[in-house]
Amino acid sequence: MKIIIVGAGEVGYHIASRLAVENKDVVVIDRNPEALRRFADNVDVQVIPGSGSSPQILEEAGIREAEILLAVTDSDEANLVACLMAHILSPTTKKLARIRDAAYDKFHDTFRENAPHIDTIINPEIEVVKTIDMLLSAPGAVEVGEFADGRVKFVGIQIDPDSRVAGVKLVNLREKTGTIRPLIAAVVRDEELIIPRGKDRLLAGDLVYLICEDSKLIETLAVFDKRAEPLRRAMIIGGGRIGLRLATLLHERGVSTKIVEKSADHCTRLAEELDGVVVLCGDGSDQSLLAEENIQGMDVFLALTDDEETNILASLLAKRLGARKTITKISKFSYFALMPAIGIELVVSPRLSAINTILQHIRRGKILSAIAIKGERAEVMEAVALETSDIVGKPLKSIHFPNRALVIAVIRDENVIIPSGESVIAPGDRIIIFAERTAIPKIEKILAVKLEYF
Amino acid sequence: MRWRCILQVVSILIFILGLTMVFPLLWGLYYGDNGVTPIIHSMALTILVSGGSILLLRGPQTEFISQREGMAIVAVGWTAVGFFGCLPFHLSGEFGPFVNAYFESISGFTTTGSSILTDVQAISKSLLFWRSFIQWLGGMGIIVLSLAILPILGVGGMQLYKAEVPSPVPDKLQPRIRETARILWKVYVLFTVAQVVLLVLGGMGIFDALNHALTTMPTGGFSTKNASMAHFDSVYLDFVVAFFMLLAGINFSLHYQLLKGDTLAFWRNAECRFFLAATVVLTLVVTLNIYGTVYDKIGDAFRYGAFQLVSILTTTGYATADYEQWPAMSQLILLLCMFLGGSAGSTAGGMKCLRIMVCFKYCYKELFTLIHPHAVSRIKIDGRSVPDDVVRSVLGFLALYLGLFAFSSVLLAGLGVDFITAFAAVATTIGNVGPGFGMVGPVENFAAIPVLGKWLLIWCMLLGRLEIYTVIILLVPEFWRK
């Protein structure tokens, strides 16, 4: 499978390094030789210096054999032109483009139906707002994803020391939880990813990933002592595109929202676009401003400026001043591991959101969606079990499944089933699979239609 | 530096080497010669030691190899592979003291082709085959071979590849390093097989044909005859061998493009044009120079002149004539060819045409700037601008190459070797050529070099094959600091 990536930025880098590990043929095009060097040195991909919107360069990269073209440069225009050229040269190639300008929002469908026929448009800002929305609706969750069109949620939560499940073996979990049996997919303990068995215990400080139906989400989280609290007041720092989108959304939900922005010009624009949202001109890390605007009464504080260090400090300050919950936008992946240690609870990243969306489209077979977790070490995938694939018609235990992978749930009609070794998957079932990075190629093979190999 | 991971990869390389010893063993059994016992012993020892250390060092699979570790793996790997490769020679007793066996082995792996054997034809056939075979392995590179056949080196492969196949501008033919390595080996095997067929058609015995093909494609130059190619004395064979030497001196990615149907691939590549033009011009000069002075017939002058020039320029090192009897001008041209070498990305040694071209263009740019002090100009190869750091690394390479050459030849002369020999022996080993001048000329060998001198030349051969940086960096204290 050949994939061409135009744009050697962060998103390009992370997608490329993941796909290269999965033995896919990746070609990266960028104008900047410096950026390409980072790829050539660290990732097993081919690099081509040049403009991704040049037909000649695209030919050189082998666009005709490519299954997917991914245009993720910083410029919307360059991405559009790259897709247009790719469409002219090779109409069968699937095209994904990252487009950020809100001016294009209404035209996403137009781009899909008419030239350049972009199959998927990824707007990281929309994705990140969606992620924030999901985080706000799942109390206590540090990571949230959804499957089966939102019917099933995938949630990561931290076990508190005083939680009643701390120290409990998984087999005994039910005694504590009553009728609800939470489905635990993975546990992250001391930076180590564990696929827990029945005799394993949950410990305080563990990051637990679980799957549950959307309708039972609140009850399930309550089992882990994560209680829902009403969201009435929110404060947003940073009036960029994400801040604006989120403020609009929150206001529509009836949340009383304040937005703080440094630049006076930006504030004027925000004030013009937003009705009923309090626009404040000032520094988000200014203690007196926060105190003056009733920070201690805020249900959620969102630091969404473009400067991640400011975001981190503003969140810490807000937490100290009494904000109930903080959400921090961070772009640098290397910071993620530090966040729990310094007391930042919820982190969102436009890049990670974009990567997740892109992955869903790259996965082969009938994989519907995929979510990367824990610094991309593992993925949770949702797939449709096809009639002719290896996975249907026999008990799970007799399927040759890779070591570090697990079927964690089966969705048949409206029911979510937790499979055992004896369970048989029927054609048309949706299955949710948890897999470490190295096991993904094998999983894809199992899910793929057998005919493909003839 | 994670030594466990470094030694683990090295053990895997040695294990593969051990397995390949089965080929000379088969020849030994076929001829029933004296090589069988030493080869069986070496094979057992190699497989046991490497297999044992693979088991001993096993642990979590390493996903990432740093550039530094890659260099350490290649440098340690080549030294160790040279050691295990020399076991059959040493255990047979036919090669004299250990240093001779090790010299022969490193000369093989580095595709130099310098020999310490006085009477090649007296050596067991199976050992001669092993000698040619290690040259063939070393030509395309034992790590490139491992990358092509083993999945385990997948992720760290890039760093290893860069350390073993250093090139000013690395070619990656395919998105994945493994596919690139496979393509290179396929082209390599294809050419070798073609050459065997053509040599057999020319009347060479299958054993000799195989041996010579195995040492032509890596531009090695080990022969199974005392008189090298002169033994066969056939115009046809001379031209077949010269043709394949020339092919081996051209960038293998161009061969790949040619085989894929791009007929103009050679012509479009500036380095290839430079290399072929240098071959043609220098051949004509040498031919005219030796016509009348050494050879009476123009045909003979061309036959010997062309063969010898291609042999030295591609750093193969076969001989059909004793060029030490030639006029001084021809001798000097051959000596300078040892420095020039073939194309980057080929199996040839030397400084490589590409680097010389960059250097020339840099000099011209300097002159140009003197005339137009405000001019902005870029060094271009094939119409593409060469990045400044590549230019710097090329100039640094040339300086190091010449500096190490000067230093080593002075050392060798200090060990009691005469002026011409010391100069030529170092030039020929660092350029991975084979024969030199004086005591180590085309009809002599390296047996008479003092023991310390042999170790010095072994070091030079490794420097030349791994293109200086990978080897010399081990001597830099900073490399070892944590």
# chains A, B, ... in the order shown; residues from 1 in each chain; ligands from 1
$ interface_residues --of "chain B" --to "chain A" --cutoff "8 Å" --atoms "only C-alpha atoms" --output "PyMOL selection string"
chain B and resi 155+157-159+172-177
$ residues_around --residues "Ile16 of chain B" --least-positions-apart "5" --cutoff "10 Å" --atoms "only C-alpha atoms" --output "ChimeraX atom specification"
/B:11,21,46-47,50-51,81,142,145-146
$ residues_around --residues "Pro218 of chain B" --least-positions-apart "4" --cutoff "7 Å" --atoms "only C-alpha atoms" --output "list in words"
Thr111, Gln135, Trp136, Gly139, Met140, Ala248 and Thr347 of chain B
$ atom_distance --atom1 "atom CA of Cys272 of chain B" --atom2 "atom CA of Ile106 of chain B"
28.6 Å
$ atom_distance --atom1 "atom CA of Ile237 of chain A" --atom2 "atom CA of Ala314 of chain A"
8.3 Å
$ closest_atom_pairs --of "segment 289-319 of chain B" --to "segment 422-436 of chain B" --cutoff "8 Å" --atoms "only C-alpha atoms" --output "CSV"
residue,atom,partner,partner_atom,distance
B:Ile312,CA,B:Val433,CA,6.4
B:Thr314,CA,B:Val433,CA,7.8
B:Thr315,CA,B:Val433,CA,4.0
B:Thr316,CA,B:Val433,CA,5.5
B:Gly317,CA,B:Gly434,CA,4.9
B:Tyr318,CA,B:Gly434,CA,7.9
$ atom_distance --atom1 "atom CA of Gly282 of chain A" --atom2 "atom CA of Ala247 of chain A"
16.8 Å
$ closest_residue --among "A:Ala66, A:Ile259, A:Ala354, A:Leu210" --to "Ile99 of chain A" --atoms "only C-alpha atoms"
A:Ala354
$ select_by_dssp --residues "segment 202-432 of chain A" --states "alpha helix (DSSP H)" --output "PyMOL selection string"
chain A and resi 217-223+241-252+264-273+287-292+308-321+339-342+350-362
$ residues_around --residues "Arg245 of chain A" --least-positions-apart "5" --cutoff "9 Å" --atoms "only C-alpha atoms" --output "VMD selection string"
chain A and resid 125 to 126 129 240 250
$ write_last_selection --atoms "N, CA and C atoms" --output "short mmCIF file (atom, residue, chain, number, x, y, z; two decimals), in the first residue's frame"
data_model
loop_
_atom_site.label_atom_id
_atom_site.label_comp_id
_atom_site.auth_asym_id
_atom_site.auth_seq_id
_atom_site.Cartn_x
_atom_site.Cartn_y
_atom_site.Cartn_z
N GLU A 125 -9.26 22.09 13.73
CA GLU A 125 -9.99 22.91 14.70
C GLU A 125 -11.35 22.32 15.02
N ILE A 126 -12.03 21.85 13.95
CA ILE A 126 -13.33 21.23 14.19
C ILE A 126 -13.15 19.97 15.02
N VAL A 129 -12.49 20.78 18.68
CA VAL A 129 -13.69 21.26 19.36
C VAL A 129 -14.59 20.07 19.69
N GLY A 240 -8.57 32.52 19.24
CA GLY A 240 -8.24 32.08 17.88
C GLY A 240 -9.43 31.33 17.28
N LEU A 250 -20.56 26.57 23.00
CA LEU A 250 -20.94 26.60 24.41
C LEU A 250 -22.12 27.54 24.61
#
$ residues_around --residues "Val278 of chain A" --least-positions-apart "5" --cutoff "12 Å" --atoms "only C-alpha atoms" --output "ChimeraX atom specification"
/A:233-237,239,244,247-248,251,255-261,267-268,270-273,293
$ select_by_dssp --residues "segment 200-408 of chain B" --states "strand (DSSP E)" --output "list of chain:residue names"
B:Lys380, B:Ile381, B:Arg384, B:Ser385
$ write_last_selection --atoms "C-alpha atoms" --output "CSV table (one decimal), in the first residue's frame"
chain,number,residue,atom,x,y,z
B,380,LYS,CA,24.6,22.3,-9.2
B,381,ILE,CA,24.8,18.7,-10.1
B,384,ARG,CA,19.9,20.5,-8.8
B,385,SER,CA,21.5,22.7,-6.3
$ residues_around --residues "Arg273 of chain B" --least-positions-apart "4" --cutoff "12 Å" --atoms "only C-alpha atoms" --output "JSON, numbers by chain"
{"B": [250, 251, 254, 264, 265, 266, 267, 268, 269, 277, 278, 279, 280, 281, 342, 343, 353, 354, 357, 381, 382]}
$ write_last_selection --atoms "C-alpha atoms" --output "PDB file, in the first residue's frame"
ATOM      1  CA  ILE B 250      28.438   2.910 -12.248  1.00  0.00           C
ATOM      2  CA  ASN B 251      25.806   3.816  -9.658  1.00  0.00           C
ATOM      3  CA  LEU B 254      21.095   3.859 -12.614  1.00  0.00           C
ATOM      4  CA  LEU B 264      18.688   7.315 -21.147  1.00  0.00           C
ATOM      5  CA  ALA B 265      19.368   6.849 -17.429  1.00  0.00           C
ATOM      6  CA  PHE B 266      23.159   6.807 -17.835  1.00  0.00           C
ATOM      7  CA  TRP B 267      23.174   9.811 -20.079  1.00  0.00           C
ATOM      8  CA  ARG B 268      21.003  11.948 -17.844  1.00  0.00           C
ATOM      9  CA  ASN B 269      23.234  11.452 -14.830  1.00  0.00           C
ATOM     10  CA  ALA B 277      34.172  10.449 -20.210  1.00  0.00           C
ATOM     11  CA  ALA B 278      37.119  10.034 -17.828  1.00  0.00           C
ATOM     12  CA  THR B 279      37.365   6.365 -18.818  1.00  0.00           C
ATOM     13  CA  VAL B 280      37.341   7.120 -22.547  1.00  0.00           C
ATOM     14  CA  VAL B 281      39.767  10.074 -22.441  1.00  0.00           C
ATOM     15  CA  GLY B 342      34.145   4.943  -9.602  1.00  0.00           C
ATOM     16  CA  SER B 343      30.710   6.476  -9.063  1.00  0.00           C
ATOM     17  CA  CYS B 353      33.662  10.846  -9.137  1.00  0.00           C
ATOM     18  CA  LEU B 354      30.774  12.719  -7.528  1.00  0.00           C
ATOM     19  CA  MET B 357      33.011  16.911  -9.353  1.00  0.00           C
ATOM     20  CA  ILE B 381      24.773  18.675 -10.134  1.00  0.00           C
ATOM     21  CA  ASP B 382      22.192  17.406 -12.616  1.00  0.00           C
TER      22      ASP B 382
END
$ decode --residues "segment 248-272 of chain B" --atoms "N, CA and C atoms" --output "PDB file, in the first residue's frame"
ATOM      1  N   ALA B 248      30.161  -2.212 -12.964  1.00  0.00           N
ATOM      2  CA  ALA B 248      30.221  -2.206 -11.498  1.00  0.00           C
ATOM      3  C   ALA B 248      30.663  -0.848 -10.972  1.00  0.00           C
ATOM      4  N   GLY B 249      31.323  -0.056 -11.834  1.00  0.00           N
ATOM      5  CA  GLY B 249      31.785   1.258 -11.401  1.00  0.00           C
ATOM      6  C   GLY B 249      30.715   2.335 -11.528  1.00  0.00           C
ATOM      7  N   ILE B 250      29.532   1.941 -12.058  1.00  0.00           N
ATOM      8  CA  ILE B 250      28.438   2.910 -12.248  1.00  0.00           C
ATOM      9  C   ILE B 250      27.416   2.734 -11.130  1.00  0.00           C
ATOM     10  N   ASN B 251      26.825   3.818 -10.710  1.00  0.00           N
ATOM     11  CA  ASN B 251      25.806   3.816  -9.658  1.00  0.00           C
ATOM     12  C   ASN B 251      24.730   2.754  -9.913  1.00  0.00           C
ATOM     13  N   PHE B 252      24.495   1.905  -8.920  1.00  0.00           N
ATOM     14  CA  PHE B 252      23.540   0.812  -9.114  1.00  0.00           C
ATOM     15  C   PHE B 252      22.103   1.299  -9.270  1.00  0.00           C
ATOM     16  N   SER B 253      21.802   2.488  -8.774  1.00  0.00           N
ATOM     17  CA  SER B 253      20.419   2.937  -8.972  1.00  0.00           C
ATOM     18  C   SER B 253      20.180   3.272 -10.436  1.00  0.00           C
ATOM     19  N   LEU B 254      21.254   3.625 -11.174  1.00  0.00           N
ATOM     20  CA  LEU B 254      21.095   3.859 -12.614  1.00  0.00           C
ATOM     21  C   LEU B 254      20.838   2.542 -13.333  1.00  0.00           C
ATOM     22  N   HIS B 255      21.505   1.475 -12.874  1.00  0.00           N
ATOM     23  CA  HIS B 255      21.246   0.158 -13.470  1.00  0.00           C
ATOM     24  C   HIS B 255      19.788  -0.213 -13.296  1.00  0.00           C
ATOM     25  N   TYR B 256      19.300   0.079 -12.082  1.00  0.00           N
ATOM     26  CA  TYR B 256      17.902  -0.253 -11.786  1.00  0.00           C
ATOM     27  C   TYR B 256      16.968   0.509 -12.732  1.00  0.00           C
ATOM     28  N   GLN B 257      17.262   1.815 -12.914  1.00  0.00           N
ATOM     29  CA  GLN B 257      16.423   2.611 -13.823  1.00  0.00           C
ATOM     30  C   GLN B 257      16.509   2.092 -15.258  1.00  0.00           C
ATOM     31  N   LEU B 258      17.718   1.688 -15.645  1.00  0.00           N
ATOM     32  CA  LEU B 258      17.920   1.169 -16.995  1.00  0.00           C
ATOM     33  C   LEU B 258      17.110  -0.116 -17.170  1.00  0.00           C
ATOM     34  N   LEU B 259      17.205  -1.007 -16.185  1.00  0.00           N
ATOM     35  CA  LEU B 259      16.486  -2.274 -16.278  1.00  0.00           C
ATOM     36  C   LEU B 259      14.982  -2.053 -16.264  1.00  0.00           C
ATOM     37  N   LYS B 260      14.552  -0.939 -15.665  1.00  0.00           N
ATOM     38  CA  LYS B 260      13.119  -0.643 -15.643  1.00  0.00           C
ATOM     39  C   LYS B 260      12.667  -0.018 -16.959  1.00  0.00           C
ATOM     40  N   GLY B 261      13.614   0.222 -17.878  1.00  0.00           N
ATOM     41  CA  GLY B 261      13.235   0.683 -19.205  1.00  0.00           C
ATOM     42  C   GLY B 261      13.605   2.123 -19.513  1.00  0.00           C
ATOM     43  N   ASP B 262      14.277   2.777 -18.576  1.00  0.00           N
ATOM     44  CA  ASP B 262      14.698   4.154 -18.828  1.00  0.00           C
ATOM     45  C   ASP B 262      16.047   4.119 -19.548  1.00  0.00           C
ATOM     46  N   THR B 263      16.022   4.097 -20.885  1.00  0.00           N
ATOM     47  CA  THR B 263      17.253   3.850 -21.647  1.00  0.00           C
ATOM     48  C   THR B 263      18.254   4.994 -21.546  1.00  0.00           C
ATOM     49  N   LEU B 264      17.771   6.173 -21.187  1.00  0.00           N
ATOM     50  CA  LEU B 264      18.688   7.315 -21.147  1.00  0.00           C
ATOM     51  C   LEU B 264      19.242   7.572 -19.744  1.00  0.00           C
ATOM     52  N   ALA B 265      19.001   6.622 -18.833  1.00  0.00           N
ATOM     53  CA  ALA B 265      19.368   6.849 -17.429  1.00  0.00           C
ATOM     54  C   ALA B 265      20.847   7.233 -17.273  1.00  0.00           C
ATOM     55  N   PHE B 266      21.723   6.518 -17.973  1.00  0.00           N
ATOM     56  CA  PHE B 266      23.159   6.807 -17.835  1.00  0.00           C
ATOM     57  C   PHE B 266      23.464   8.213 -18.325  1.00  0.00           C
ATOM     58  N   TRP B 267      22.850   8.539 -19.441  1.00  0.00           N
ATOM     59  CA  TRP B 267      23.174   9.811 -20.079  1.00  0.00           C
ATOM     60  C   TRP B 267      22.699  10.994 -19.254  1.00  0.00           C
ATOM     61  N   ARG B 268      21.568  10.832 -18.589  1.00  0.00           N
ATOM     62  CA  ARG B 268      21.003  11.948 -17.844  1.00  0.00           C
ATOM     63  C   ARG B 268      21.752  12.233 -16.550  1.00  0.00           C
ATOM     64  N   ASN B 269      22.574  11.289 -16.114  1.00  0.00           N
ATOM     65  CA  ASN B 269      23.234  11.452 -14.830  1.00  0.00           C
ATOM     66  C   ASN B 269      24.614  12.068 -15.020  1.00  0.00           C
ATOM     67  N   ALA B 270      24.836  13.227 -14.431  1.00  0.00           N
ATOM     68  CA  ALA B 270      26.079  13.964 -14.657  1.00  0.00           C
ATOM     69  C   ALA B 270      27.295  13.173 -14.190  1.00  0.00           C
ATOM     70  N   GLU B 271      27.158  12.490 -13.052  1.00  0.00           N
ATOM     71  CA  GLU B 271      28.304  11.750 -12.541  1.00  0.00           C
ATOM     72  C   GLU B 271      28.680  10.610 -13.474  1.00  0.00           C
ATOM     73  N   CYS B 272      27.659   9.939 -14.014  1.00  0.00           N
ATOM     74  CA  CYS B 272      27.907   8.829 -14.920  1.00  0.00           C
ATOM     75  C   CYS B 272      28.592   9.332 -16.198  1.00  0.00           C
TER      76      CYS B 272
END
